[in-house]
Every structure is written in C-alpha cells, then in structure tokens.
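Engineer: Structure incoming, see below.
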Amino acid sequence: MKKIVLALTLFAVALTGCSAVEEVNRSVDYSSDVVAYINDASRWAEDLPQMAQEAANDPQAQEKLSQQLDSIQQRITEFSQGKPPEFAQGLHEQLAGYSSSLNTQVDGLQQRIEAGEFTPEMLKNSEVMQTLENIRGMMDQFQQFGQ
C-alpha cells in the first residue's frame with residue numbers, strides 16, 4: 001500500500017512539474033511574441049510616414065504602402081489570435097484594444113487609398129501614429145514580466 005501511495009505521489013508531483021514547466025514555456029513564448037509584435041509596431045511607426053510621403057506622387061509607392069498596410073492588418077490578426085497566460089491577461093486586453101483600433105484605422109486608410117483620396121497628411125492626421133505610439137509604450141510593461 002505504501003508503494004502505491006508513493007507511486008501516486010510521485011506521479012502527481014511529476015504531473016504538477018510538467019504543468020508548471022508548460023506554463024513557464026507558454027509565458028516565455030507569449031512574452032517573446034509580444035516583444036516581437038511591439039517591435040513590429042515600432043518599425044511601422046518609423047516606416048509609414050516615409051512610405052506615405054513617397055506614395056503621394058508615385059502609384060507604385062502607393063501600391064507598396066497598401067501592401068504594407070495589408071501586412072500590418074495580417075500581423076494584428078495573427079497576434080490577436082494568441083492566448084496570453086493568466087498573469088498577462090489585463091495587459092493583453094489593453095494591447096488587443098489598441099490593436100483592434102489600429103486595425104480599424106488602417107482599414108480606413110486602405111479605403112482612402114483605393115478611392116484615390118490618400119494624401120500623406122491623412123496618415124499624419126490620423127490616429128494611426130498615436131495608436132502605434134500607445135502600442136510601443138507598452139513594451140516596458142511587458143518586459144517587467146521577464147524580470
């Protein structure tokens with residue numbers, strides 16, 4: 001009987017240990033995904049103004065801008081499908097809210113491009129750049145989880 005209890009105890013400890021390891025791995029993976037996503041947003045914030053300026057008079061640059069906006073929306077969708085660990089739920093919801101807003105704002109820009117009404121000022125005056133800054137501003141909060 002003692003052997004059975006000991007075996008069950010060891011089995012339970014092993015399962016708990018595996019669960020803890022899985023949770024740590026999931027947390028590390030999620031943190032890496034968030035950092036990559038925020039780095040992407042930083043790159044977009046740097047690249048989009050120049051791309052918009054070039055798109056003002058060049059149809060090929062306008063197509064490139066449109067493709068970049070499509071890529072941004074695809075990345076937002078990919079990120080939004082991720083599941084955060086429990087400890088990051090609140091921050092994830094905040095980041096997901098910014099991402100949802102960004103997706104809507106980018107959609108509006110896409111519609112203006114397709115209608116031939118796009119100007120660089122539209123990007124400058126849109127909320128896109130502020131939303132990207134909000135996303136970038138969350139980096140410190142997520143990096144604190146790694147400490």
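Quick note on naming: the chains in the structure tokens go A, B, ... in the order shown, residues restart at 1 in each chain, and ligands are numbered from 1 in order of appearance.
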Compile the contact shell of Leu48 of chain A as a ChimeraX atom specification: residues with an atom at most 10 Å away, counting only C-alpha atoms, same-chain residues fewer than 6 positions apart removed.
Structural biologist: /A:54,65,68-69,120,123-124,128-129
Engineer: Identify, on the basis of only C-alpha atoms, every residue whose closest approach to Ile135 of chain A does not exceed 10 Å; exclude the query and any residue fewer than 2 positions from it along the same chain; express the result as a PyMOL selection string.
Structural biologist: chain A and resi 37-42+94-99+102+129-133+137-139
Engineer: Just how far from atom CA of Ala56 of chain A is atom CA of Ser71 of chain A, in Å to one decimal?
Structural biologist: 19.8 Å
Engineer: So the first atom is atom CA of Gln60 of chain A and the second is atom CA of Ser101 of chain A; what is the distance between them in Å, to one decimal place?
Structural biologist: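 Calculated distance between atom CA of Gln60 of chain A and atom CA of Ser101 of chain A is 27.3 Å.
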Engineer: Record the distance separating atom CA of Gln81 of chain A and atom CA of Gln143 of chain A, expressed in Å with one decimal.
Structural biologist: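 Taking atom CA of Gln81 of chain A and atom CA of Gln143 of chain A, their separation equals 20.6 Å.
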Engineer: Just checking: using only C-alpha atoms, which residue out of A:Gln50, A:Ser100, A:Gln110, A:Asn125 ends up closest to Gln67 of chain A?
Structural biologist: A:Gln110
